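Containing compact mmCIF, C-alpha atoms and all ligand atoms: upload-v1.txt.
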```txt
# COMPACT_ATOMS: atom_id res chain seq x y z
CA MET A 1281 104.66 56.75 105.09
CA ASP A 1282 107.64 54.74 104.00
CA VAL A 1283 110.02 56.03 101.30
CA GLY A 1284 110.99 52.86 99.42
CA HIS A 1285 114.70 51.92 99.15
CA TYR A 1286 117.74 53.81 100.44
CA ALA A 1287 120.78 55.72 99.28
CA ALA A 1288 123.13 52.73 98.88
CA GLU A 1289 120.50 50.66 97.02
CA PRO A 1290 118.17 53.20 95.42
CA GLY A 1291 115.88 50.73 93.62
CA VAL A 1292 114.94 50.85 89.95
CA ILE A 1293 117.03 52.97 87.61
CA SER A 1294 114.62 54.86 85.38
CA ALA A 1295 114.65 55.16 81.58
CA THR A 1296 116.67 58.38 81.92
CA GLY A 1297 118.96 57.05 84.66
CA ARG A 1298 117.31 58.62 87.72
CA ALA A 1299 117.07 56.45 90.82
CA GLU A 1300 113.71 55.24 92.08
CA PHE A 1301 114.51 56.49 95.59
CA GLU A 1302 114.40 60.08 94.30
CA TYR A 1303 110.95 59.50 92.80
CA ASN A 1304 109.76 57.80 95.97
CA LEU A 1305 110.98 60.68 98.13
CA ASP A 1306 109.36 63.37 95.96
CA LEU A 1307 106.03 61.55 95.95
CA ALA A 1308 106.09 60.62 99.64
CA LEU A 1309 106.67 64.26 100.62
CA GLU A 1310 103.75 65.28 98.45
CA VAL A 1311 101.46 62.58 99.91
CA LYS A 1312 102.48 63.62 103.42
CA GLU A 1313 101.46 67.21 102.71
CA ALA A 1314 98.18 66.10 101.17
CA LEU A 1315 97.40 63.88 104.18
CA GLU A 1316 98.24 66.62 106.63
CA ARG A 1317 95.83 68.92 104.80
CA LEU A 1318 93.20 66.23 105.43
CA GLY A 1319 94.05 66.24 109.13
CA VAL A 1320 96.00 62.96 109.15
CA ARG A 1321 99.23 62.79 111.15
CA VAL A 1322 102.11 61.34 109.15
CA ARG A 1323 105.46 59.92 110.20
CA LEU A 1324 107.96 59.67 107.35
CA ILE A 1325 110.28 56.67 107.38
CA GLY A 1326 113.39 56.36 105.25
CA GLU A 1327 113.35 59.90 103.88
CA LYS A 1328 117.03 60.31 104.70
CA GLY A 1329 117.95 57.23 102.69
CA ASP A 1330 119.38 55.38 105.67
CA TYR A 1331 117.00 52.43 106.15
CA ALA A 1332 118.81 49.35 104.85
CA VAL A 1333 116.87 46.79 106.92
CA LEU A 1334 113.27 46.39 105.78
CA HIS A 1335 111.76 45.27 109.08
CA HIS A 1336 113.23 48.33 110.81
CA ARG A 1337 110.80 50.35 108.71
CA THR A 1338 107.73 48.56 110.06
CA ARG A 1339 109.24 48.45 113.56
CA ASP A 1340 109.66 52.23 113.56
CA ALA A 1341 106.07 52.63 112.36
CA GLY A 1342 104.83 51.07 115.61
CA GLY A 1343 101.68 52.78 116.88
CA ALA A 1344 100.59 53.93 113.42
CA ASP A 1345 97.13 52.99 112.10
CA LEU A 1346 98.33 52.39 108.54
CA PHE A 1347 101.67 51.70 106.83
CA VAL A 1348 102.01 52.96 103.25
CA SER A 1349 105.19 52.26 101.31
CA ILE A 1350 105.85 54.42 98.25
CA HIS A 1351 107.61 52.91 95.22
CA HIS A 1352 107.98 53.23 91.45
CA ASP A 1353 107.92 50.20 89.23
CA SER A 1354 110.03 48.30 86.73
CA VAL A 1355 109.61 45.16 84.63
CA LYS A 1356 111.51 41.88 84.55
CA GLU A 1357 115.00 42.29 83.17
CA ARG A 1358 114.29 40.33 79.99
CA LEU A 1359 111.34 42.66 79.29
CA LEU A 1360 113.34 45.88 79.64
CA PRO A 1361 113.73 46.25 75.85
CA ARG A 1362 109.90 46.39 75.76
CA ALA A 1363 109.58 48.56 78.86
CA ASP A 1364 107.57 51.20 77.01
CA ASP A 1365 104.71 48.67 76.72
CA PHE A 1366 104.19 48.60 80.50
CA ALA A 1367 102.49 51.40 82.39
CA GLY A 1368 100.22 52.11 85.30
CA PHE A 1369 100.03 51.86 89.07
CA SER A 1370 99.80 48.75 91.18
CA LEU A 1371 99.11 48.05 94.83
CA PHE A 1372 100.36 45.14 96.94
CA ILE A 1373 99.27 43.60 100.21
CA SER A 1374 100.43 40.51 102.10
CA ARG A 1375 98.09 37.78 103.30
CA PHE A 1376 100.51 37.36 106.22
CA ASN A 1377 99.75 40.83 107.52
CA PRO A 1378 97.76 40.59 110.79
CA PHE A 1379 95.19 43.02 109.34
CA ARG A 1380 94.79 41.43 105.95
CA GLY A 1381 91.18 42.56 105.51
CA GLN A 1382 91.95 46.15 106.40
CA SER A 1383 95.04 46.12 104.22
CA LEU A 1384 92.89 45.05 101.29
CA ALA A 1385 90.19 47.62 102.10
CA CYS A 1386 92.79 50.40 102.19
CA ALA A 1387 94.51 49.24 99.00
CA SER A 1388 91.16 49.09 97.21
CA ARG A 1389 90.37 52.64 98.33
CA LEU A 1390 93.72 53.87 97.05
CA GLY A 1391 93.18 52.13 93.72
CA LYS A 1392 89.66 53.48 93.39
CA ARG A 1393 90.79 57.06 94.01
CA LEU A 1394 93.70 56.70 91.59
CA ARG A 1395 91.33 55.41 88.90
CA GLU A 1396 88.88 58.23 89.52
CA ASN A 1397 91.75 60.64 88.98
CA GLY A 1398 92.56 59.16 85.59
CA PHE A 1399 95.26 56.62 86.45
CA GLN A 1400 95.10 53.02 85.28
CA PRO A 1401 96.28 49.84 86.99
CA SER A 1402 99.28 48.21 85.28
CA ARG A 1403 97.83 44.68 85.57
CA TYR A 1404 100.98 42.89 84.35
CA HIS A 1405 102.06 41.75 87.82
CA ALA A 1406 99.25 39.18 87.74
CA ASP A 1407 100.36 37.82 84.35
CA PRO A 1408 102.32 34.53 84.38
CA VAL A 1409 104.52 35.70 81.49
CA PHE A 1410 104.99 39.38 82.31
CA GLY A 1411 104.65 39.32 86.09
CA ALA A 1412 105.83 37.23 89.06
CA PRO A 1413 102.83 36.43 88.92
CA ARG A 1414 101.11 38.23 91.79
CA PRO A 1415 97.43 37.24 91.83
CA PHE A 1416 94.77 39.91 91.99
CA ALA A 1417 93.23 40.66 95.37
CA ASP A 1418 91.00 43.33 93.79
CA GLU A 1419 91.36 43.28 90.03
CA PRO A 1420 89.45 46.46 89.02
CA ASN A 1421 91.45 48.51 91.52
CA GLY A 1422 94.83 47.00 90.65
CA VAL A 1423 95.46 45.33 94.04
CA HIS A 1424 97.66 42.23 94.14
CA TYR A 1425 98.69 39.70 96.75
CA TYR A 1426 102.42 39.70 97.44
CA ASP A 1427 102.53 37.54 100.53
CA ASN A 1428 106.25 37.66 101.26
CA LEU A 1429 106.46 41.39 100.89
CA ALA A 1430 108.62 42.35 103.89
CA VAL A 1431 106.86 45.62 104.72
CA GLY A 1432 103.50 43.85 104.31
CA ARG A 1433 104.09 40.82 106.47
CA SER A 1434 106.23 42.43 109.18
CA ALA A 1435 103.87 45.35 109.77
CA THR A 1436 101.81 45.29 112.98
CA MET A 1437 99.16 47.48 111.32
CA PRO A 1438 97.41 47.36 107.92
CA SER A 1439 100.02 47.78 105.20
CA VAL A 1440 99.90 48.72 101.50
CA LEU A 1441 102.74 49.07 99.02
CA VAL A 1442 102.12 51.54 96.20
CA GLU A 1443 103.89 51.31 92.85
CA ALA A 1444 102.92 54.71 91.48
CA GLY A 1445 104.05 54.15 87.90
CA VAL A 1446 106.55 52.37 85.67
CA ILE A 1447 109.67 54.55 85.45
CA VAL A 1448 111.53 52.30 82.99
CA ASN A 1449 108.85 53.34 80.48
CA ARG A 1450 110.10 56.58 78.89
CA GLU A 1451 106.71 58.22 78.51
CA GLU A 1452 105.51 57.21 81.95
CA GLU A 1453 108.74 58.40 83.54
CA GLY A 1454 108.05 61.80 81.97
CA ARG A 1455 104.62 61.79 83.57
CA MET A 1456 105.99 60.72 86.97
CA ARG A 1457 108.43 63.62 86.80
CA ASP A 1458 105.70 66.14 86.09
CA PRO A 1459 104.87 68.02 89.32
CA ALA A 1460 101.21 68.36 88.29
CA VAL A 1461 100.87 64.58 87.78
CA ARG A 1462 102.69 63.89 91.05
CA ARG A 1463 100.28 66.21 92.85
CA ARG A 1464 97.30 64.32 91.41
CA ILE A 1465 98.74 60.95 92.42
CA ALA A 1466 99.50 62.28 95.90
CA ALA A 1467 96.01 63.70 96.30
CA ALA A 1468 94.44 60.38 95.26
CA VAL A 1469 96.65 58.32 97.59
CA ALA A 1470 96.02 60.71 100.48
CA GLN A 1471 92.27 60.70 99.87
CA GLY A 1472 92.13 56.90 99.76
CA ALA A 1473 94.31 56.51 102.85
CA SER A 1474 92.35 59.02 104.91
CA GLU A 1475 89.06 57.37 103.94
CA CYS A 1476 90.26 53.96 105.00
CA LEU A 1477 91.59 55.38 108.29
CA ARG A 1478 88.20 56.92 108.96
CA GLU A 1479 86.46 53.61 108.20
CA LYS A 1480 88.81 51.80 110.51
CA SER A 1481 88.18 54.14 113.43
CA ARG A 1482 84.41 53.79 113.06
ZN ZN B 1501 110.80 49.89 94.74
```
Could I get this file's structure written as structure tokens?
Amino acid sequence: MDVGHYAAEPGVISATGRAEFEYNLDLALEVKEALERLGVRVRLIGEKGDYAVLHHRTRDAGGADLFVSIHHDSVKERLLPRADDFAGFSLFISRFNPFRGQSLACASRLGKRLRENGFQPSRYHADPVFGAPRPFADEPNGVHYYDNLAVGRSATMPSVLVEAGVIVNREEEGRMRDPAVRRRIAAAVAQGASECLREKSR
């Protein structure tokens, strides 16, 4: 379980000025607890805010069955004045990951569980105007291909990056800050991850 970003470069600055790293840390701790309740062993990476080199994260995850990186989302700079129009989760995998099929299966599970718990995929990352664009790998479940994603391609195990929500959107930031919402996101991510780990070991 990788806590996205680090103290010196804390990622997106939210609508209210809080750094993404803080959101990532809060959620990752919650997902870790939820996974441990499901009997899954979790190694946290980057929780101290000291991982500046991305491939050190995947290196230090060596031996794990799944790499999950926790992030919160933004929009392109020119769209920031309209940030309140963008909301939802998204999931990213790299086609360069050695376990591309398992990465996709795990991401789809995560997306499915998030949707069942009332969360919607953001979708805009696949849009040529609003996104990079990152094509859909599994459209209903909000999974995109992001082939050059460092923690996707350098991982030696299946790897999924989670953007839990869009924290430059004022309303969504409020939701992401709500402990009850965070608990629901964490439960969904943990459920999806543990299911895909069980499938893999079968
Ligand atoms: Zn991020």
Subject >> Straight-line distance linking atom CA of Asn1377 of chain A with atom CA of Gly1432 of chain A, stated in Å to one decimal >> reply: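 Separating atom CA of Asn1377 of chain A from atom CA of Gly1432 of chain A is a distance of 5.8 Å.
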Produce a table with one row for each residue of chain A that has an atom at most 7 Å from any atom of ligand ZN 1501 (chain B), each row naming the nearest atom pair and its distance in Å at one decimal; use only C-alpha atoms and all ligand atoms; arrange rows by chain and rising residue number; format as a tab-separated table.
```
residue	atom	partner	partner_atom	distance
A:Gly1284	CA	B:ZN1501	ZN	5.5
A:His1285	CA	B:ZN1501	ZN	6.2
A:Gly1291	CA	B:ZN1501	ZN	5.3
A:Val1292	CA	B:ZN1501	ZN	6.4
A:Glu1300	CA	B:ZN1501	ZN	6.6
A:His1351	CA	B:ZN1501	ZN	4.4
A:His1352	CA	B:ZN1501	ZN	5.5
A:Asp1353	CA	B:ZN1501	ZN	6.2
```
**OP:** Quick one: pull the distance between atom CA of Leu1441 of chain A and atom CA of Ser1349 of chain A, Å, one decimal.
**Re:** 4.6 Å
**OP:** Just give me the gap between atom CA of Phe1416 of chain A and atom CA of Phe1369 of chain A in Å, one decimal is fine.
**Re:** 13.4 Å
**OP:** Could you give me, as a PyMOL selection string, the residues within 6 Å of His1424 of chain A, counting all atoms listed in the file and dropping anything in the same chain fewer than 6 positions from it?
**Re:** chain A and resi 1372+1414-1417
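Distances from A:Gly1422, A:Pro1438, A:Gly1445, A:Gly1329 to Val1355 of chain A were compared using all atoms listed in the file, and the smallest one belongs to A:Gly1445.
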Original post:
In file coordinates, which residues lie within 9 Å of (101.0, 52.5, 77.5) using all atoms listed in the file, given as a ChimeraX atom specification?
Top reply: /A:1364-1368,1449,1451-1452
